[in-house]
$ cat entry01.cif   # mmCIF, C-alpha atoms
data_structure
#
loop_
_atom_site.label_atom_id
_atom_site.label_comp_id
_atom_site.auth_asym_id
_atom_site.auth_seq_id
_atom_site.Cartn_x
_atom_site.Cartn_y
_atom_site.Cartn_z
CA MET B 9 181.18 -41.36 182.79
CA PRO B 10 178.69 -38.98 181.09
CA ALA B 11 178.27 -35.40 182.22
CA GLU B 12 175.26 -34.61 184.38
CA TRP B 13 173.75 -32.21 181.85
CA GLU B 14 173.52 -34.94 179.20
CA THR B 15 170.03 -36.40 178.72
CA HIS B 16 168.80 -38.62 181.54
CA GLU B 17 166.61 -41.66 181.41
CA ALA B 18 165.92 -41.28 185.12
CA THR B 19 166.95 -39.84 188.47
CA TRP B 20 167.42 -42.11 191.48
CA LEU B 21 166.26 -40.92 194.90
CA ALA B 22 165.49 -42.61 198.22
CA TRP B 23 162.51 -41.66 200.37
CA PRO B 24 163.82 -40.05 203.60
CA HIS B 25 163.45 -42.07 206.78
CA HIS B 26 166.57 -41.66 208.96
CA PRO B 27 165.42 -39.48 211.90
CA THR B 28 168.85 -38.37 213.10
CA ASP B 29 169.75 -36.98 209.67
CA TRP B 30 167.11 -34.28 210.15
CA PRO B 31 166.53 -33.93 213.90
CA GLY B 32 162.86 -33.18 214.56
CA LYS B 33 162.24 -32.28 210.90
CA LEU B 34 161.83 -35.59 209.08
CA ASN B 35 158.25 -34.87 208.04
CA THR B 36 159.25 -31.41 206.79
CA ILE B 37 161.98 -33.03 204.67
CA ARG B 38 159.44 -35.33 203.06
CA TRP B 39 157.57 -32.27 201.79
CA VAL B 40 160.83 -30.89 200.41
CA TYR B 41 161.26 -34.19 198.57
CA THR B 42 157.83 -33.87 197.01
CA GLU B 43 158.87 -30.56 195.45
CA ILE B 44 162.12 -32.10 194.19
CA VAL B 45 160.27 -35.06 192.67
CA ARG B 46 157.66 -32.73 191.16
CA LYS B 47 160.35 -30.74 189.34
CA ILE B 48 162.38 -33.74 188.17
CA ALA B 49 159.39 -35.84 187.08
CA ALA B 50 158.40 -33.13 184.60
CA GLY B 51 161.23 -34.33 182.36
CA GLU B 52 162.25 -37.86 183.30
CA THR B 53 161.42 -40.94 185.34
CA VAL B 54 162.11 -40.83 189.08
CA ARG B 55 163.26 -44.16 190.51
CA LEU B 56 162.48 -43.88 194.21
CA LEU B 57 163.81 -46.37 196.75
CA VAL B 58 161.43 -47.18 199.59
CA ARG B 59 161.84 -49.60 202.48
CA SER B 60 158.52 -51.39 202.01
CA LYS B 61 155.31 -51.43 199.97
CA GLU B 62 153.63 -49.61 202.83
CA GLU B 63 156.22 -46.84 202.60
CA SER B 64 155.65 -46.61 198.83
CA ARG B 65 151.95 -46.00 199.44
CA SER B 66 152.76 -43.37 202.06
CA ALA B 67 155.24 -41.64 199.74
CA ALA B 68 152.70 -41.69 196.91
CA ARG B 69 150.17 -39.89 199.12
CA TYR B 70 152.71 -37.13 199.86
CA LEU B 71 153.50 -36.79 196.16
CA GLU B 72 149.86 -36.73 195.09
CA ARG B 73 149.01 -34.00 197.59
CA ALA B 74 151.93 -31.92 196.30
CA GLY B 75 150.81 -32.28 192.69
CA ALA B 76 153.75 -34.42 191.55
CA ASP B 77 153.30 -36.74 188.57
CA VAL B 78 153.15 -40.05 190.46
CA ALA B 79 152.83 -41.92 187.16
CA ALA B 80 156.43 -40.88 186.41
CA VAL B 81 157.68 -42.41 189.69
CA GLU B 82 158.88 -46.02 189.93
CA PHE B 83 158.85 -47.26 193.51
CA ILE B 84 161.67 -49.74 194.19
CA VAL B 85 161.49 -51.66 197.45
CA HIS B 86 164.94 -51.90 199.01
CA PRO B 87 165.76 -51.01 202.63
CA THR B 88 168.46 -48.35 203.00
CA ASN B 89 170.43 -47.09 205.97
CA ARG B 90 170.18 -43.45 204.92
CA GLY B 91 169.65 -42.99 201.23
CA TRP B 92 172.02 -40.26 199.99
CA MET B 93 171.89 -41.52 196.41
CA ARG B 94 174.78 -39.44 195.11
CA ASP B 95 177.13 -41.48 197.26
CA SER B 96 175.52 -44.89 197.67
CA GLY B 97 173.40 -45.07 194.51
CA PRO B 98 174.25 -46.54 191.11
CA LEU B 99 177.06 -44.71 189.32
CA PHE B 100 176.65 -45.14 185.57
CA VAL B 101 179.26 -45.33 182.83
CA ARG B 102 178.52 -45.53 179.12
CA ARG B 103 180.18 -46.65 175.89
CA SER B 104 179.43 -46.95 172.21
CA ALA B 105 178.31 -50.39 171.07
CA GLY B 106 178.20 -50.21 167.30
CA ARG B 107 175.59 -47.60 166.44
CA LYS B 108 174.08 -47.70 169.91
CA LEU B 109 175.08 -46.60 173.38
CA GLU B 110 175.03 -48.98 176.32
CA SER B 111 175.52 -48.26 180.00
CA ALA B 112 176.74 -50.18 183.01
CA ILE B 113 177.08 -49.56 186.75
CA VAL B 114 180.30 -49.34 188.75
CA GLN B 115 180.21 -50.66 192.33
CA PHE B 116 182.46 -48.44 194.48
CA HIS B 117 181.70 -50.17 197.81
CA PHE B 118 180.15 -47.34 199.81
CA ASN B 119 181.22 -47.35 203.50
CA ALA B 120 179.31 -44.34 204.89
CA TRP B 121 182.12 -41.85 204.23
CA ALA B 122 184.47 -43.90 206.46
CA LYS B 123 182.63 -42.35 209.38
CA TYR B 124 179.51 -44.35 210.35
CA ASP B 125 178.91 -48.03 211.03
CA ASP B 126 175.54 -48.43 209.31
CA TRP B 127 176.18 -48.75 205.57
CA GLN B 128 175.54 -52.41 204.70
CA LYS B 129 172.10 -51.84 203.14
CA ASP B 130 173.25 -48.74 201.27
CA ARG B 131 176.19 -50.62 199.77
CA ARG B 132 173.79 -53.02 198.03
CA VAL B 133 171.94 -50.29 196.10
CA PRO B 134 174.10 -50.57 192.93
CA GLU B 135 173.47 -54.33 192.88
CA VAL B 136 169.72 -53.77 193.21
CA ALA B 137 169.82 -51.23 190.38
CA ALA B 138 171.86 -53.51 188.11
CA ARG B 139 169.41 -56.39 188.57
CA ARG B 140 166.37 -54.22 188.01
CA LEU B 141 167.78 -52.58 184.89
CA GLY B 142 169.58 -55.61 183.48
CA LYS B 143 172.91 -53.75 183.52
CA ARG B 144 176.43 -55.08 183.91
CA LEU B 145 177.94 -54.37 187.32
CA PHE B 146 181.67 -53.68 187.43
CA ASP B 147 183.62 -54.11 190.65
CA ALA B 148 185.87 -51.14 191.45
CA PRO B 149 189.14 -51.60 193.37
CA ILE B 150 188.55 -48.49 195.52
CA ILE B 151 185.97 -46.92 197.80
CA LEU B 152 184.55 -43.69 196.38
CA GLU B 153 181.35 -41.64 196.54
CA GLY B 154 179.67 -39.91 193.62
CA GLY B 155 179.74 -36.61 195.50
CA GLY B 156 183.50 -36.83 195.68
CA ILE B 157 184.01 -36.55 191.92
CA GLU B 158 182.91 -34.15 189.18
CA VAL B 159 183.27 -34.91 185.44
CA ASN B 160 182.71 -33.02 182.21
CA GLY B 161 181.89 -36.13 180.18
CA ARG B 162 184.88 -35.49 177.90
CA GLY B 163 187.63 -37.07 179.97
CA THR B 164 188.28 -34.58 182.80
CA LEU B 165 187.54 -35.29 186.47
CA ILE B 166 187.93 -33.00 189.49
CA THR B 167 188.20 -34.11 193.12
CA THR B 168 189.83 -32.96 196.38
CA GLU B 169 192.91 -33.96 198.33
CA GLU B 170 191.01 -33.57 201.59
CA CYS B 171 188.54 -36.29 200.64
CA TYR B 172 190.72 -38.95 199.06
CA LEU B 173 194.35 -38.24 200.00
CA ASP B 174 194.12 -37.19 203.66
CA PRO B 175 196.02 -39.90 205.58
CA LYS B 176 194.29 -39.42 208.94
CA ILE B 177 190.62 -38.36 208.72
CA GLN B 178 187.83 -40.43 207.10
CA VAL B 179 190.31 -42.55 205.17
CA ARG B 180 188.44 -44.51 202.48
CA ASN B 181 191.39 -46.38 201.02
CA PRO B 182 194.18 -46.84 203.60
CA GLY B 183 197.63 -46.94 202.05
CA LEU B 184 196.47 -45.87 198.58
CA GLY B 185 198.29 -42.82 197.26
CA ARG B 186 197.58 -40.36 194.48
CA ALA B 187 198.99 -42.54 191.68
CA GLY B 188 196.95 -45.61 192.65
CA PHE B 189 193.79 -43.60 193.12
CA GLU B 190 194.16 -41.89 189.74
CA ALA B 191 194.83 -45.23 188.04
CA ALA B 192 191.58 -46.62 189.48
CA LEU B 193 189.63 -43.56 188.29
CA ARG B 194 190.99 -43.98 184.78
CA GLU B 195 190.18 -47.68 184.74
CA CYS B 196 186.67 -47.41 186.19
CA LEU B 197 185.37 -44.12 184.76
CA GLY B 198 187.27 -43.73 181.49
CA VAL B 199 188.74 -40.35 182.48
CA ARG B 200 192.11 -39.24 181.13
CA ASN B 201 192.70 -35.99 182.99
CA ILE B 202 192.41 -35.59 186.77
CA CYS B 203 192.48 -32.23 188.61
CA TRP B 204 192.92 -31.83 192.35
CA LEU B 205 191.55 -29.02 194.50
CA SER B 206 192.43 -28.67 198.18
CA ARG B 207 189.45 -28.85 200.53
CA GLY B 208 185.85 -27.97 201.19
CA PRO B 209 183.77 -25.80 203.53
CA ALA B 210 183.41 -26.13 207.27
CA GLY B 211 180.78 -28.57 208.49
CA ASP B 212 181.13 -30.96 205.55
CA ASP B 213 180.31 -34.40 206.95
CA THR B 214 181.93 -36.05 203.93
CA HIS B 215 185.31 -34.40 204.51
CA GLY B 216 185.72 -32.48 201.28
CA HIS B 217 183.25 -33.62 198.64
CA ILE B 218 183.75 -31.72 195.42
CA ASP B 219 180.01 -31.22 194.84
CA ASP B 220 179.96 -28.60 197.61
CA ILE B 221 182.89 -26.76 196.03
CA CYS B 222 183.31 -26.93 192.27
CA ARG B 223 181.01 -28.05 189.44
CA PHE B 224 181.09 -28.26 185.67
CA VAL B 225 178.22 -26.41 183.99
CA ASN B 226 179.40 -27.37 180.51
CA ALA B 227 182.41 -29.16 179.06
CA ARG B 228 184.69 -26.12 179.42
CA THR B 229 183.22 -24.06 182.27
CA LEU B 230 183.36 -24.51 186.04
CA VAL B 231 181.72 -22.74 188.93
CA LEU B 232 183.82 -22.52 192.10
CA ILE B 233 182.53 -21.29 195.44
CA ARG B 234 184.18 -18.28 197.03
CA GLU B 235 183.83 -16.72 200.50
CA ASP B 236 184.26 -12.93 200.43
CA ASN B 237 184.38 -12.38 204.19
CA PRO B 238 188.00 -12.69 205.44
CA ALA B 239 186.71 -13.26 208.97
CA ASP B 240 184.71 -16.36 207.98
CA VAL B 241 186.16 -19.78 208.81
CA ASN B 242 185.72 -20.77 205.15
CA TYR B 243 187.67 -17.87 203.70
CA ARG B 244 191.18 -19.34 203.77
CA PRO B 245 190.30 -22.94 202.78
CA LEU B 246 188.28 -21.79 199.79
CA GLU B 247 190.96 -19.31 198.72
CA GLU B 248 193.39 -22.25 198.57
CA ASN B 249 191.20 -23.73 195.84
CA TRP B 250 191.21 -20.46 193.92
CA GLU B 251 195.01 -20.37 194.13
CA ARG B 252 195.04 -23.61 192.10
CA VAL B 253 192.83 -22.29 189.31
CA PRO B 254 195.73 -21.06 187.11
CA ASP B 255 197.06 -24.63 187.00
CA LEU B 256 193.77 -26.33 186.07
CA ARG B 257 193.68 -27.90 182.62
CA LEU B 258 191.05 -29.69 180.58
CA GLU B 259 191.65 -32.95 178.72
CA ASP B 260 192.95 -31.10 175.65
CA GLY B 261 195.42 -29.05 177.69
CA SER B 262 193.41 -25.82 177.57
CA LYS B 263 192.36 -23.80 180.60
CA PRO B 264 188.73 -23.99 181.75
CA GLU B 265 186.68 -20.88 182.33
CA VAL B 266 186.08 -20.57 186.08
CA VAL B 267 183.14 -18.54 187.41
CA ALA B 268 182.83 -17.55 191.08
CA LEU B 269 179.74 -18.69 192.94
CA PRO B 270 179.02 -16.93 196.26
CA MET B 271 178.48 -18.53 199.63
CA PRO B 272 175.42 -17.92 201.82
CA ALA B 273 175.85 -16.44 205.27
CA PRO B 274 176.74 -19.04 207.94
CA LEU B 275 174.01 -21.50 208.91
CA VAL B 276 174.39 -23.04 212.36
CA PHE B 277 172.33 -25.69 214.15
CA ASP B 278 172.95 -26.73 217.76
CA GLY B 279 176.33 -25.01 217.65
CA CYS B 280 177.42 -26.82 214.48
CA ARG B 281 178.28 -25.03 211.23
CA LEU B 282 176.33 -26.53 208.33
CA PRO B 283 177.84 -27.02 204.84
CA ALA B 284 175.39 -24.80 202.95
CA SER B 285 176.61 -24.29 199.38
CA TYR B 286 175.01 -23.18 196.13
CA ALA B 287 177.36 -25.57 194.31
CA ASN B 288 175.20 -28.50 195.43
CA PHE B 289 172.74 -28.00 192.55
CA TYR B 290 171.31 -30.85 190.47
CA ILE B 291 170.97 -30.78 186.69
CA CYS B 292 167.94 -32.71 185.42
CA ASN B 293 166.22 -32.81 182.03
CA ALA B 294 163.57 -30.28 183.01
CA GLY B 295 165.79 -27.78 184.81
CA VAL B 296 168.58 -27.02 187.25
CA LEU B 297 167.54 -27.33 190.90
CA VAL B 298 169.55 -25.02 193.16
CA PRO B 299 169.55 -25.06 196.98
CA THR B 300 168.50 -21.77 198.56
CA PHE B 301 168.89 -20.67 202.17
CA ASN B 302 166.76 -17.56 202.83
CA ASP B 303 169.85 -15.50 202.07
CA PRO B 304 170.45 -12.38 199.92
CA ASN B 305 172.97 -14.39 197.91
CA ASP B 306 170.23 -16.80 196.83
CA ARG B 307 169.29 -14.33 194.13
CA VAL B 308 172.91 -13.79 193.11
CA ALA B 309 173.59 -17.52 192.79
CA LEU B 310 170.39 -18.15 190.84
CA GLY B 311 171.28 -15.31 188.48
CA ILE B 312 174.79 -16.63 187.83
CA LEU B 313 173.57 -20.15 187.19
CA GLY B 314 170.69 -18.86 185.08
CA GLU B 315 173.17 -17.25 182.70
CA LEU B 316 175.31 -20.40 182.60
CA PHE B 317 172.37 -22.71 181.79
CA PRO B 318 170.52 -20.94 178.94
CA ASP B 319 168.95 -24.21 177.76
CA ARG B 320 166.82 -24.97 180.84
CA PRO B 321 165.14 -23.15 183.74
CA VAL B 322 167.09 -22.63 186.95
CA VAL B 323 164.82 -23.19 189.97
CA GLY B 324 165.49 -22.57 193.66
CA ILE B 325 164.54 -25.23 196.23
CA HIS B 326 164.36 -24.14 199.88
CA CYS B 327 167.04 -26.17 201.72
CA VAL B 328 167.42 -24.57 205.14
CA ASP B 329 165.86 -27.68 206.69
CA MET B 330 167.48 -30.10 204.22
CA ILE B 331 171.01 -28.94 205.08
CA LEU B 332 170.53 -30.20 208.66
CA GLY B 333 171.42 -33.59 207.14
CA PHE B 334 174.78 -32.11 205.99
CA GLY B 335 173.80 -32.31 202.33
CA SER B 336 171.24 -31.01 199.87
CA LEU B 337 170.02 -31.50 196.31
CA HIS B 338 173.02 -33.00 194.56
CA CYS B 339 173.84 -35.20 197.54
CA LEU B 340 170.47 -36.93 197.52
CA SER B 341 170.16 -37.55 193.76
CA GLN B 342 171.90 -39.71 191.14
CA GLN B 343 171.34 -39.47 187.41
CA GLN B 344 170.87 -42.40 185.05
CA PRO B 345 172.01 -41.42 181.54
CA ALA B 346 169.86 -42.10 178.51
CA GLU B 347 171.04 -44.60 175.92
#
$ encode --input "entry01.cif" --output "structure tokens"
Amino acid sequence: MPAEWETHEATWLAWPHHPTDWPGKLNTIRWVYTEIVRKIAAGETVRLLVRSKEESRSAARYLERAGADVAAVEFIVHPTNRGWMRDSGPLFVRRSAGRKLESAIVQFHFNAWAKYDDWQKDRRVPEVAARRLGKRLFDAPIILEGGGIEVNGRGTLITTEECYLDPKIQVRNPGLGRAGFEAALRECLGVRNICWLSRGPAGDDTHGHIDDICRFVNARTLVLIREDNPADVNYRPLEENWERVPDLRLEDGSKPEVVALPMPAPLVFDGCRLPASYANFYICNAGVLVPTFNDPNDRVALGILGELFPDRPVVGIHCVDMILGFGSLHCLSQQQPAE
């Protein structure tokens, strides 16, 4: 599985339509999407899932008014239940074929984070992508979401015990232990080295997705979120991840560089803590899109990531409304590597 910072052919998104994901703010979220598409389309194709031709015309009007390059957007008609492309979208793997590279798609059988009943349309997205692109579709023996794994494109993968080894809550693969899960990752994604962190921040609807916690910014460097306030509910869980840092190893046995990324102040909606995290950034050809939350630490996080990505601009995207859906920029996007 290639690293996210490697060159993309396209980014896959799905036009937002599920009203309970963003209570009372669905139209606002569509304007946030136009800004996301505008930034991504400056450097690659955007493949945008829509439920109908009528919805494609509506989405195009939003994008045109926002100044996005609609010519760089491919509208793909396929109904979705929600459309968080990181988890239900096509997950690409790549190999050398003589002097060329070729890619395929792995079908990990999305089941709505083992939490919701409406996932049948979302599960078909990889099949739709494979047909449209003429790609091989490999059947995986496990359920997994793209947000639950992080790779450096050199053979190392990071995930969390909370998400895939917890025996009681949101169990994706009942009865499957660490050894079986790691074997499936090696078989399906070509990884050789698997690292486990503990758990994620409060309010995470996915029960511990790594893309809210820890991300590779290059083949040897990670950012890891840290809560500095001992009174915050996230302080102890996130410190458990930091306690594992001395034991982390890359595929060659060396230690990665680990850089602390701050947390924003708590965001709460209707009494519920939201999983706001600067780690949920998305790396595209034209830049790095970072969620911001009207918080003093926005500037700190953007500065840290700006230094870590000297080859492309780091851009903040306002996500206070987006995070009502329990996810932000990385959760809604999926990269398609170039060949």
$ axis_aligned_box --input "entry01.cif" --around "region 85-104 of chain B" --padding-each-side "4 Å" --output "lines of an AutoDock Vina configuration file"
center_x = 170.8
center_y = -45.7
center_z = 189.1
size_x = 26.7
size_y = 20.5
size_z = 41.8
$ resolve_selection --input "entry01.cif" --expression "the PyMOL selection byres ((chain B and resi 305-318) around 12)" --output "ChimeraX atom specification"
/B:13,223-236,265-274,284-304,319-328
$ atom_distance --input "entry01.cif" --atom1 "CA of Glu190 (chain B)" --atom2 "CA of Leu109 (chain B)"
25.6 Å
$ resolve_selection --input "entry01.cif" --expression "the PyMOL selection byres ((chain B and resi 50-60) around 7)" --output "PyMOL selection string"
chain B and resi 16-23+46-49+61-64+80-88+293-294
$ closest_residue --input "entry01.cif" --among "B:Pro10, B:Gly154, B:Gly161, B:Gly208" --to "Pro345 (chain B)" --atoms "only C-alpha atoms"
B:Pro10
$ closest_residue --input "entry01.cif" --among "B:Thr28, B:Asn201, B:Ser96, B:Thr42" --to "Arg162 (chain B)" --atoms "all atoms listed in the file"
B:Asn201
$ decode --input "entry01.cif" --residues "region 51-75 of chain B" --atoms "N, CA and C atoms" --output "mmCIF file, in the first residue's frame"
data_model
loop_
_atom_site.group_PDB
_atom_site.id
_atom_site.type_symbol
_atom_site.label_atom_id
_atom_site.label_comp_id
_atom_site.auth_asym_id
_atom_site.auth_seq_id
_atom_site.Cartn_x
_atom_site.Cartn_y
_atom_site.Cartn_z
ATOM 1 N N GLY B 51 -4.530 20.032 -7.969
ATOM 2 C CA GLY B 51 -3.390 19.177 -8.262
ATOM 3 C C GLY B 51 -3.721 17.773 -8.723
ATOM 4 N N GLU B 52 -4.994 17.421 -8.753
ATOM 5 C CA GLU B 52 -5.368 16.061 -9.165
ATOM 6 C C GLU B 52 -6.867 16.003 -9.442
ATOM 7 N N THR B 53 -7.278 14.904 -10.052
ATOM 8 C CA THR B 53 -8.694 14.670 -10.311
ATOM 9 C C THR B 53 -9.425 14.383 -9.000
ATOM 10 N N VAL B 54 -10.650 14.863 -8.892
ATOM 11 C CA VAL B 54 -11.525 14.503 -7.776
ATOM 12 C C VAL B 54 -12.624 13.603 -8.329
ATOM 13 N N ARG B 55 -12.712 12.401 -7.813
ATOM 14 C CA ARG B 55 -13.783 11.470 -8.203
ATOM 15 C C ARG B 55 -14.840 11.520 -7.113
ATOM 16 N N LEU B 56 -15.975 12.115 -7.460
ATOM 17 C CA LEU B 56 -17.003 12.477 -6.474
ATOM 18 C C LEU B 56 -18.242 11.604 -6.664
ATOM 19 N N LEU B 57 -18.547 10.794 -5.654
ATOM 20 C CA LEU B 57 -19.741 9.966 -5.703
ATOM 21 C C LEU B 57 -20.975 10.814 -5.407
ATOM 22 N N VAL B 58 -21.996 10.641 -6.235
ATOM 23 C CA VAL B 58 -23.280 11.315 -6.047
ATOM 24 C C VAL B 58 -24.384 10.265 -6.176
ATOM 25 N N ARG B 59 -25.531 10.541 -5.603
ATOM 26 C CA ARG B 59 -26.599 9.541 -5.598
ATOM 27 C C ARG B 59 -27.394 9.510 -6.897
ATOM 28 N N SER B 60 -27.330 10.591 -7.668
ATOM 29 C CA SER B 60 -28.118 10.658 -8.896
ATOM 30 C C SER B 60 -27.532 11.725 -9.814
ATOM 31 N N LYS B 61 -27.974 11.742 -11.062
ATOM 32 C CA LYS B 61 -27.541 12.794 -11.987
ATOM 33 C C LYS B 61 -28.020 14.169 -11.509
ATOM 34 N N GLU B 62 -29.200 14.181 -10.915
ATOM 35 C CA GLU B 62 -29.698 15.455 -10.380
ATOM 36 C C GLU B 62 -28.790 15.973 -9.279
ATOM 37 N N GLU B 63 -28.316 15.077 -8.414
ATOM 38 C CA GLU B 63 -27.414 15.499 -7.350
ATOM 39 C C GLU B 63 -26.068 15.960 -7.918
ATOM 40 N N SER B 64 -25.620 15.355 -9.017
ATOM 41 C CA SER B 64 -24.370 15.807 -9.640
ATOM 42 C C SER B 64 -24.507 17.230 -10.147
ATOM 43 N N ARG B 65 -25.656 17.557 -10.705
ATOM 44 C CA ARG B 65 -25.879 18.936 -11.190
ATOM 45 C C ARG B 65 -25.920 19.912 -10.013
ATOM 46 N N SER B 66 -26.574 19.503 -8.929
ATOM 47 C CA SER B 66 -26.627 20.353 -7.740
ATOM 48 C C SER B 66 -25.230 20.574 -7.160
ATOM 49 N N ALA B 67 -24.448 19.479 -7.055
ATOM 50 C CA ALA B 67 -23.092 19.604 -6.526
ATOM 51 C C ALA B 67 -22.243 20.506 -7.415
ATOM 52 N N ALA B 68 -22.407 20.375 -8.720
ATOM 53 C CA ALA B 68 -21.629 21.201 -9.647
ATOM 54 C C ALA B 68 -21.938 22.679 -9.453
ATOM 55 N N ARG B 69 -23.187 23.001 -9.158
ATOM 56 C CA ARG B 69 -23.546 24.416 -8.926
ATOM 57 C C ARG B 69 -22.855 24.945 -7.675
ATOM 58 N N TYR B 70 -22.829 24.156 -6.604
ATOM 59 C CA TYR B 70 -22.093 24.552 -5.402
ATOM 60 C C TYR B 70 -20.629 24.814 -5.741
ATOM 61 N N LEU B 71 -20.021 23.875 -6.455
ATOM 62 C CA LEU B 71 -18.593 23.963 -6.761
ATOM 63 C C LEU B 71 -18.283 25.160 -7.648
ATOM 64 N N GLU B 72 -19.125 25.407 -8.636
ATOM 65 C CA GLU B 72 -18.918 26.554 -9.520
ATOM 66 C C GLU B 72 -18.981 27.858 -8.748
ATOM 67 N N ARG B 73 -19.957 27.991 -7.858
ATOM 68 C CA ARG B 73 -20.101 29.228 -7.087
ATOM 69 C C ARG B 73 -18.903 29.459 -6.174
ATOM 70 N N ALA B 74 -18.273 28.362 -5.726
ATOM 71 C CA ALA B 74 -17.116 28.474 -4.837
ATOM 72 C C ALA B 74 -15.804 28.631 -5.589
ATOM 73 N N GLY B 75 -15.859 28.603 -6.905
ATOM 74 C CA GLY B 75 -14.652 28.787 -7.702
ATOM 75 C C GLY B 75 -13.804 27.547 -7.848
#
